[in-house]
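Report on the structure given below.
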Amino acid sequence: MKASYNWLKDYCKHNLSLKELLEGLTNVGLVVDNSSPIDNDFCLDIEVTSNRPDCLGMIGIAREIATFIRGELIVPDVDYGTISESVNDITSVIIEDEELCPRYTAQIIKDVNIGQSPEWLQKRISAIGLRPVNNIVDITNYVLMECGQPLHAFDFDKLEGKKIIVRRAVKGETMVAIDGTKSTLSPDELVIADAKRPVAIAGIMGGKDTEVSETTKNILLESAFFNPGTVRRSSRKLGIQSDSSFRFERRVDPECVGWASRRAAKMIQDIAGGQIAEGIIDKNCLKKEKTNITLRIPRLNSLLGIHIEKDIAKDILERLQFKMISETETSLEVSVPSFRGDVYREIDLIEEVIRIQGYDNIPTKGNIGIKPIQENKFDLIVEKVKNIISGLGFSEVVTDSIVGNSQNQYDSIWSDNSNIKIMNPIRQDEDLLRKTLIHNLLKVKKHNQNYGMEKIQIYELSKVYLPSKNDNMPEEKECLCILGEDGFLSLKGTIEAILSHLNVAHRLEITPYRSDLFSPEKSAELKLEGNILGYIGELSSDAIKYHDFRSTPCITELNFNLLVDMANLESSFQKIPLFPTMERDLAIVSDEKVTWSDINKCIESLNIDYLDNIEFFDVYRGKQVEKGKKSIAFRLIFRADDRTLKSEEVDALQEKILGNLKNTLGVRLRT
Amino acid sequence: MQERLNELQNQAKNDLAKANSRDEVELVKTKYLGRKGVISEIIKSIPSLPSEQRATIGKLANKLKQEISKEIEAAKKQCEASLTLPSLGAKSTGKVFDVSLPGERKSYGRKHPIAQTIDEIKGFFGKLGFDVEYGPEVESEYYNFDALNVPPDHPSREDFDTFYLDNKLLLRSQTSTVQIRVMEKKKPPIRMIAPGKVFRPDTVDARHASMFHQVEGLMVDEGVSFSDLKFTLTTFCEAYFGQDIKMRFRPSFFPFTEPSAEADISCSICKGEGCNVCSYSGWVEVLGAGMVDPNVFEAVNYDADKYTGFAFGIGVERLTMLRYGIDDIRLFFENDMRFLSQF
């Protein structure tokens, strides 16, 4: 809402400097976004919250000023003389839909002289950014800005049948508005029509055919109350917004409708001459609802944590034009003025009182006592995981949950259903909720590569959104996605470090996995106790080519919720072994198809109590090993809790292990 | 006898000069001042001296004793000061080593600045007993609007203010949704914060992103007042921005709080003088807050006469931008390593 510093003084004589005025307005909830000097005046851009349509006019703002400076609000008088001819003999108004138009008033002013507005009027409306048109249009705009009630003046002689019908539009009806936009209407729209056609879209804009022009002699002046929802929907649908629709959408003061009409008529008579027909057509089916509310002073004080005397509260409410109905020692009963539709409960009155009394006057000392907080396993694990990944050299990234549809050349590993779609995206090519974080991380890598950072180690811990098969809410899966540059085994080691840090008791089960995204050899599915933990893989050469990467990133995406479930935060202390270990280093030769996992399982199946650990060294292929075979070197570590093992015992165990490996996997000791 | 004493003093000085370590000084000390040391022997021999000499020699011997112990203490200190190892025989290999070469770089990652800010907020409110709660990002109109007392015609429901999905679902436009979800499950007293992502179809520019982060806060109990709200949020802002900021609460409007407030802090860039960051007002907005609207309590079946509460919403990106002077919100989601490595 734009307001003029000088103009406001018409309604409230104050001696505030601009700075004091802005501060005062801000303190009662009217923030001034900026103020710019214009032609010996200042234009204030005031942010009016959606609950305060009463402040969408100068008088409303002046009312607030008068309240906080304890000054008087001056409202212009609207007395004027009329000719004897009655408005009812000249025209008529029919409202077909009273729900959408509960109140409509019309006045007739004859023989006006159309011309430029006087300089003072042009200056006034120019100061708040309106373009002067002609005296009639300028006056309707002036009154709109003055009291917040939109008005419209029709060229009466152009109204077919000399009457007004307020009705829903007929499907396919068209109208060209004053600004030149042609709209095709439907019964969702309320129109002001004459006997033949729509002449205005109710509350939004008048029609070009019947606008006031240089040749206009007689005027029909409209002032009405239109249903806020209807105006909002039509305005959005037709793409037409105006100062008028802005106010109707937020609900105008039903009791100001008639005043505004008289105010404009008087100004027209004063400025453009003309004769006002006697009377005013006022079709009004708005119920006069007087809201009475009781304010309990103790409640006011306990809710705010302040001490305000009843008389102060009373004074503030009266200055805001609430009327005292009754009063007890500790309470006030007031009736709410018609322009304050936002006030209907005690709490709303409490806000009114403290708004004027000033939030600054509420003491800032508090005593909220102490309360222990609940343990939050999820947060604890997030913290642990982020700490260890950061320590291992990965930086956290945060990327957009909304992704483009071109990104999904690789489908998500979590769901085959198509992505959840946004119906009203900002950009048509970015309208999906992600099902994986992988593409976002690749995008981040690409960005950094473009700026010369060839290798980056990053992770994101965030949600992916998986459509549910039925109509339920989608599944929001918390995923941990890590991108590394040191190859498959390094990233696998990172995952193992996380599992170990979380005391996950179950062994990571890993099996080869095929996807277009990953290299066919270096990719795998990860499981914990049969549940899919996630996937890991180095990017396939095609994917590297597609993204134009200059290194080979390895990516894993893990189901973080499973990690949370499997994590064990109640680790207990284990005694440090008293007796030394015995170690045996072995190198065996096996077929290529035998995996490390096979070897492990084969050894473990023997359930040897004293076998403490198996440590992998390396795999060798080359001269000393025949083709199609490989040599695997590892260490067996034996230990007993109660004594030092004897060399012969360990030798026997080693033989047993080798024997089993030979029989089940066909391996032999490398010599 | 007197000559002998002078000689001893010189001897002791020589011995001390040769002593290179504490241990060696200790040996000198024993030799001269020990129970069976040279000086003790002399003092013991005094009774056997002619009576006329006894007093003088006694005085001189004591004086010598004091002087030698002084010198021994000085020698000890010197040894400590120059505790070098030559006595252990460290020998140079003859190879030259440049200790000023840069250390081998150990790489470590960092948390995203947004996550760091959320951690700080959690840390602060955790001390005041606020639990951390989470809620879904895909929401229904009920949780995002209806239960929060947003009227059916409110502009925030328009599709240029909220992302809509199929099936009457939407992407939450505020973390206030979590208030409702928590109050549906729990009875007062409640103290919680809810950090998370929110979405709005704003055209992306330096100040707007279509996805950003908020931390919602809620406290409900008997007797919770606006004064408690001011105390809690002022203390928070002082903890986050520093004790020297000024704070201002001014009336505003949110459907789910009444009375509602927006809180400003004095502009840290211009110290309240006025600059383009604060639009020359000297103040910058940091959060929205208010007393929980009775209609919200009604939606979750709380007795609005018995319980009162306050709620607040903090924009995480905004807070972080103000703290560090970051001028473009898009930097957070671009994830340029040159940006991330600064936090």
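If you're wondering about the labels, chains in the structure tokens are A, B, ... by order shown, residues count from 1 in each chain, ligands from 1 in order shown.
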Within 6 Å of chain A, which residues of chain B show up? Give each one with its shortest atom-to-atom distance in Å (one decimal) and the two atoms involved, counting only C-alpha atoms, rows by chain then rising residue number, as JSON lines.
{"residue": "B:Ser107", "atom": "CA", "partner": "A:Gly393", "partner_atom": "CA", "distance": 5.3}
{"residue": "B:Tyr108", "atom": "CA", "partner": "A:Gly393", "partner_atom": "CA", "distance": 3.8}
{"residue": "B:Gly109", "atom": "CA", "partner": "A:Ser395", "partner_atom": "CA", "distance": 4.0}
{"residue": "B:Arg110", "atom": "CA", "partner": "A:Ser395", "partner_atom": "CA", "distance": 4.7}
{"residue": "B:Lys111", "atom": "CA", "partner": "A:Glu396", "partner_atom": "CA", "distance": 5.0}
{"residue": "B:His112", "atom": "CA", "partner": "A:Glu396", "partner_atom": "CA", "distance": 5.0}
{"residue": "B:Gly129", "atom": "CA", "partner": "A:Lys371", "partner_atom": "CA", "distance": 4.8}
{"residue": "B:Asp131", "atom": "CA", "partner": "A:Ile373", "partner_atom": "CA", "distance": 5.5}
{"residue": "B:Tyr164", "atom": "CA", "partner": "A:Met423", "partner_atom": "CA", "distance": 5.6}
{"residue": "B:Leu165", "atom": "CA", "partner": "A:Ile422", "partner_atom": "CA", "distance": 4.8}
{"residue": "B:Pro201", "atom": "CA", "partner": "A:Ile426", "partner_atom": "CA", "distance": 5.9}
{"residue": "B:Ser225", "atom": "CA", "partner": "A:Leu303", "partner_atom": "CA", "distance": 4.7}
{"residue": "B:Phe226", "atom": "CA", "partner": "A:Leu304", "partner_atom": "CA", "distance": 4.5}
{"residue": "B:Ser227", "atom": "CA", "partner": "A:Gly305", "partner_atom": "CA", "distance": 5.0}
{"residue": "B:Asp228", "atom": "CA", "partner": "A:Gly366", "partner_atom": "CA", "distance": 4.8}
{"residue": "B:Lys230", "atom": "CA", "partner": "A:Thr364", "partner_atom": "CA", "distance": 5.3}
{"residue": "B:Phe231", "atom": "CA", "partner": "A:Thr364", "partner_atom": "CA", "distance": 4.7}
{"residue": "B:Arg250", "atom": "CA", "partner": "A:Asn27", "partner_atom": "CA", "distance": 5.5}
{"residue": "B:Pro251", "atom": "CA", "partner": "A:Gly29", "partner_atom": "CA", "distance": 4.3}
{"residue": "B:Ser252", "atom": "CA", "partner": "A:Gly29", "partner_atom": "CA", "distance": 5.4}
{"residue": "B:Pro259", "atom": "CA", "partner": "A:Glu351", "partner_atom": "CA", "distance": 4.8}
{"residue": "B:Phe333", "atom": "CA", "partner": "A:Thr399", "partner_atom": "CA", "distance": 5.3}
{"residue": "B:Asn335", "atom": "CA", "partner": "A:Val397", "partner_atom": "CA", "distance": 5.9}
{"residue": "B:Asp336", "atom": "CA", "partner": "A:Asn448", "partner_atom": "CA", "distance": 5.9}
Which residues come within 8 Å of Lys197 (chain B), counting only C-alpha atoms, excluding same-chain residues fewer than 2 positions away, as a list in words? Glu137, Thr175, Pro195, Phe199, Met211, Phe212, His213 and Gln214 of chain B
Output file for the residues above (N, CA and C atoms, as an mmCIF file, in the first residue's frame):
data_model
loop_
_atom_site.group_PDB
_atom_site.id
_atom_site.type_symbol
_atom_site.label_atom_id
_atom_site.label_comp_id
_atom_site.auth_asym_id
_atom_site.auth_seq_id
_atom_site.Cartn_x
_atom_site.Cartn_y
_atom_site.Cartn_z
ATOM 1 N N GLU B 137 8.132 -34.061 4.557
ATOM 2 C CA GLU B 137 8.216 -32.895 3.676
ATOM 3 C C GLU B 137 7.046 -32.878 2.696
ATOM 4 N N THR B 175 7.751 -25.295 8.269
ATOM 5 C CA THR B 175 7.954 -26.406 9.201
ATOM 6 C C THR B 175 6.920 -26.392 10.331
ATOM 7 N N PRO B 195 13.761 -28.820 12.759
ATOM 8 C CA PRO B 195 14.495 -28.318 11.605
ATOM 9 C C PRO B 195 14.096 -29.089 10.349
ATOM 10 N N PHE B 199 9.525 -25.710 0.976
ATOM 11 C CA PHE B 199 9.528 -25.460 -0.474
ATOM 12 C C PHE B 199 8.526 -24.371 -0.825
ATOM 13 N N MET B 211 13.798 -24.125 -2.559
ATOM 14 C CA MET B 211 13.923 -25.005 -1.396
ATOM 15 C C MET B 211 14.836 -24.312 -0.395
ATOM 16 N N PHE B 212 14.429 -24.280 0.842
ATOM 17 C CA PHE B 212 15.313 -23.731 1.872
ATOM 18 C C PHE B 212 14.996 -24.409 3.201
ATOM 19 N N HIS B 213 15.644 -23.967 4.258
ATOM 20 C CA HIS B 213 15.510 -24.653 5.548
ATOM 21 C C HIS B 213 14.946 -23.724 6.613
ATOM 22 N N GLN B 214 14.113 -24.310 7.451
ATOM 23 C CA GLN B 214 13.563 -23.571 8.581
ATOM 24 C C GLN B 214 13.764 -24.382 9.845
#
Nearby residues (only C-alpha atoms) at most 10 Å from region 113-120 of chain B, same-chain spacing under 4 positions excluded, as an NGL selection string: (:A and (383 or 396-398)) or (:B and (124-126 or 194-196 or 212-215 or 239-240 or 316-321 or 323 or 332-333 or 339-343))
Mind dumping the selected residues with N, CA and C atoms as a PDB file, in the first residue's frame?
ATOM      1  N   GLU A 383      25.010 -37.505  13.796  1.00  0.00           N
ATOM      2  CA  GLU A 383      26.205 -36.824  14.285  1.00  0.00           C
ATOM      3  C   GLU A 383      27.440 -37.724  14.169  1.00  0.00           C
ATOM      4  N   GLU A 396      30.254 -32.299   3.201  1.00  0.00           N
ATOM      5  CA  GLU A 396      28.807 -32.437   3.036  1.00  0.00           C
ATOM      6  C   GLU A 396      28.279 -31.446   1.999  1.00  0.00           C
ATOM      7  N   VAL A 397      27.351 -31.898   1.179  1.00  0.00           N
ATOM      8  CA  VAL A 397      26.672 -30.990   0.252  1.00  0.00           C
ATOM      9  C   VAL A 397      25.172 -31.048   0.519  1.00  0.00           C
ATOM     10  N   VAL A 398      24.476 -30.002   0.114  1.00  0.00           N
ATOM     11  CA  VAL A 398      23.019 -29.987   0.206  1.00  0.00           C
ATOM     12  C   VAL A 398      22.496 -29.614  -1.172  1.00  0.00           C
TER      13      VAL A 398
ATOM     14  N   PHE B 124      21.702 -24.734  21.072  1.00  0.00           N
ATOM     15  CA  PHE B 124      21.171 -23.690  21.956  1.00  0.00           C
ATOM     16  C   PHE B 124      19.864 -24.134  22.598  1.00  0.00           C
ATOM     17  N   PHE B 125      18.935 -24.563  21.756  1.00  0.00           N
ATOM     18  CA  PHE B 125      17.612 -24.883  22.297  1.00  0.00           C
ATOM     19  C   PHE B 125      17.626 -26.165  23.129  1.00  0.00           C
ATOM     20  N   GLY B 126      18.580 -27.037  22.828  1.00  0.00           N
ATOM     21  CA  GLY B 126      18.740 -28.238  23.646  1.00  0.00           C
ATOM     22  C   GLY B 126      19.022 -27.855  25.097  1.00  0.00           C
ATOM     23  N   ALA B 194      11.881 -28.086  15.316  1.00  0.00           N
ATOM     24  CA  ALA B 194      11.786 -28.981  14.163  1.00  0.00           C
ATOM     25  C   ALA B 194      12.541 -28.370  12.992  1.00  0.00           C
ATOM     26  N   PRO B 195      13.761 -28.820  12.759  1.00  0.00           N
ATOM     27  CA  PRO B 195      14.495 -28.318  11.605  1.00  0.00           C
ATOM     28  C   PRO B 195      14.096 -29.089  10.349  1.00  0.00           C
ATOM     29  N   GLY B 196      14.197 -28.458   9.199  1.00  0.00           N
ATOM     30  CA  GLY B 196      13.915 -29.208   7.979  1.00  0.00           C
ATOM     31  C   GLY B 196      13.764 -28.338   6.755  1.00  0.00           C
ATOM     32  N   PHE B 212      14.429 -24.280   0.842  1.00  0.00           N
ATOM     33  CA  PHE B 212      15.313 -23.731   1.872  1.00  0.00           C
ATOM     34  C   PHE B 212      14.996 -24.409   3.201  1.00  0.00           C
ATOM     35  N   HIS B 213      15.644 -23.967   4.258  1.00  0.00           N
ATOM     36  CA  HIS B 213      15.510 -24.653   5.548  1.00  0.00           C
ATOM     37  C   HIS B 213      14.946 -23.724   6.613  1.00  0.00           C
ATOM     38  N   GLN B 214      14.113 -24.310   7.451  1.00  0.00           N
ATOM     39  CA  GLN B 214      13.563 -23.571   8.581  1.00  0.00           C
ATOM     40  C   GLN B 214      13.764 -24.382   9.845  1.00  0.00           C
ATOM     41  N   VAL B 215      13.782 -23.683  10.963  1.00  0.00           N
ATOM     42  CA  VAL B 215      13.665 -24.382  12.238  1.00  0.00           C
ATOM     43  C   VAL B 215      12.426 -23.826  12.923  1.00  0.00           C
ATOM     44  N   ALA B 239      23.027 -15.253  21.564  1.00  0.00           N
ATOM     45  CA  ALA B 239      23.982 -16.361  21.504  1.00  0.00           C
ATOM     46  C   ALA B 239      24.504 -16.524  20.082  1.00  0.00           C
ATOM     47  N   TYR B 240      23.647 -16.324  19.091  1.00  0.00           N
ATOM     48  CA  TYR B 240      24.051 -16.578  17.712  1.00  0.00           C
ATOM     49  C   TYR B 240      24.791 -15.396  17.101  1.00  0.00           C
ATOM     50  N   VAL B 316      16.922 -20.659   8.200  1.00  0.00           N
ATOM     51  CA  VAL B 316      18.313 -21.070   8.447  1.00  0.00           C
ATOM     52  C   VAL B 316      19.273 -20.377   7.477  1.00  0.00           C
ATOM     53  N   GLU B 317      18.923 -20.337   6.195  1.00  0.00           N
ATOM     54  CA  GLU B 317      19.792 -19.687   5.217  1.00  0.00           C
ATOM     55  C   GLU B 317      19.966 -18.211   5.570  1.00  0.00           C
ATOM     56  N   ARG B 318      18.856 -17.584   5.921  1.00  0.00           N
ATOM     57  CA  ARG B 318      18.893 -16.158   6.229  1.00  0.00           C
ATOM     58  C   ARG B 318      19.839 -15.883   7.402  1.00  0.00           C
ATOM     59  N   LEU B 319      19.703 -16.704   8.443  1.00  0.00           N
ATOM     60  CA  LEU B 319      20.543 -16.537   9.624  1.00  0.00           C
ATOM     61  C   LEU B 319      22.017 -16.681   9.258  1.00  0.00           C
ATOM     62  N   THR B 320      22.292 -17.723   8.465  1.00  0.00           N
ATOM     63  CA  THR B 320      23.680 -17.998   8.084  1.00  0.00           C
ATOM     64  C   THR B 320      24.219 -16.850   7.223  1.00  0.00           C
ATOM     65  N   MET B 321      23.387 -16.362   6.316  1.00  0.00           N
ATOM     66  CA  MET B 321      23.816 -15.270   5.433  1.00  0.00           C
ATOM     67  C   MET B 321      24.146 -14.020   6.245  1.00  0.00           C
ATOM     68  N   ARG B 323      25.031 -13.886   9.441  1.00  0.00           N
ATOM     69  CA  ARG B 323      26.199 -14.102  10.303  1.00  0.00           C
ATOM     70  C   ARG B 323      27.487 -13.918   9.513  1.00  0.00           C
ATOM     71  N   PHE B 332      24.551 -21.783  -1.393  1.00  0.00           N
ATOM     72  CA  PHE B 332      24.362 -22.939  -0.516  1.00  0.00           C
ATOM     73  C   PHE B 332      24.087 -24.226  -1.285  1.00  0.00           C
ATOM     74  N   PHE B 333      23.452 -24.096  -2.437  1.00  0.00           N
ATOM     75  CA  PHE B 333      23.003 -25.295  -3.143  1.00  0.00           C
ATOM     76  C   PHE B 333      23.840 -25.614  -4.378  1.00  0.00           C
ATOM     77  N   PHE B 339      33.486 -22.546  -1.779  1.00  0.00           N
ATOM     78  CA  PHE B 339      32.531 -21.978  -0.817  1.00  0.00           C
ATOM     79  C   PHE B 339      32.478 -22.862   0.434  1.00  0.00           C
ATOM     80  N   LEU B 340      32.257 -24.157   0.221  1.00  0.00           N
ATOM     81  CA  LEU B 340      32.063 -25.071   1.355  1.00  0.00           C
ATOM     82  C   LEU B 340      33.275 -25.109   2.281  1.00  0.00           C
ATOM     83  N   SER B 341      34.469 -24.954   1.691  1.00  0.00           N
ATOM     84  CA  SER B 341      35.664 -25.108   2.521  1.00  0.00           C
ATOM     85  C   SER B 341      35.914 -23.898   3.416  1.00  0.00           C
ATOM     86  N   GLN B 342      35.027 -22.900   3.341  1.00  0.00           N
ATOM     87  CA  GLN B 342      35.224 -21.729   4.204  1.00  0.00           C
ATOM     88  C   GLN B 342      34.537 -21.864   5.552  1.00  0.00           C
ATOM     89  N   PHE B 343      33.775 -22.941   5.736  1.00  0.00           N
ATOM     90  CA  PHE B 343      32.973 -23.016   6.972  1.00  0.00           C
ATOM     91  C   PHE B 343      33.449 -24.137   7.897  1.00  0.00           C
TER      92      PHE B 343
END
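Non-sequential neighbours of Ile438 (chain A) (distance at most 8 Å, separation of 4 or more positions within a chain, only C-alpha atoms) are A:Leu442, A:Cys481, A:Ile555, A:Glu557.
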Residue subset to file, keeping C-alpha atoms, as a short mmCIF file (atom, residue, chain, number, x, y, z; two decimals), in the first residue's frame:
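In the end it all went to selection-v7.cif:
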data_model
loop_
_atom_site.label_atom_id
_atom_site.label_comp_id
_atom_site.auth_asym_id
_atom_site.auth_seq_id
_atom_site.Cartn_x
_atom_site.Cartn_y
_atom_site.Cartn_z
CA LEU A 442 27.29 -36.06 -9.98
CA CYS A 481 25.12 -40.89 -0.67
CA ILE A 555 29.46 -43.71 -5.59
CA GLU A 557 23.91 -44.75 -1.83
#
Nearest to Lys65 (chain B), chosen from B:Val198, B:Ala12, B:Val25, B:Ile269, with only C-alpha atoms counted in the distances: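 Of all the options, B:Ala12 lies closest to Lys65 (chain B).
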What is the distance, in Å and to one decimal place, between CA of Gln624 (chain A) and CA of Pro512 (chain A)?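 Those two atoms sit 28.5 Å apart.
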Env of Leu658 (chain A): 10 Å cut, atoms = only C-alpha atoms, seq-sep filter 2 positions within chain, self excluded. Answer as a PyMOL selection string. chain A and resi 586+588+602-603+652-656+660-663+667-669
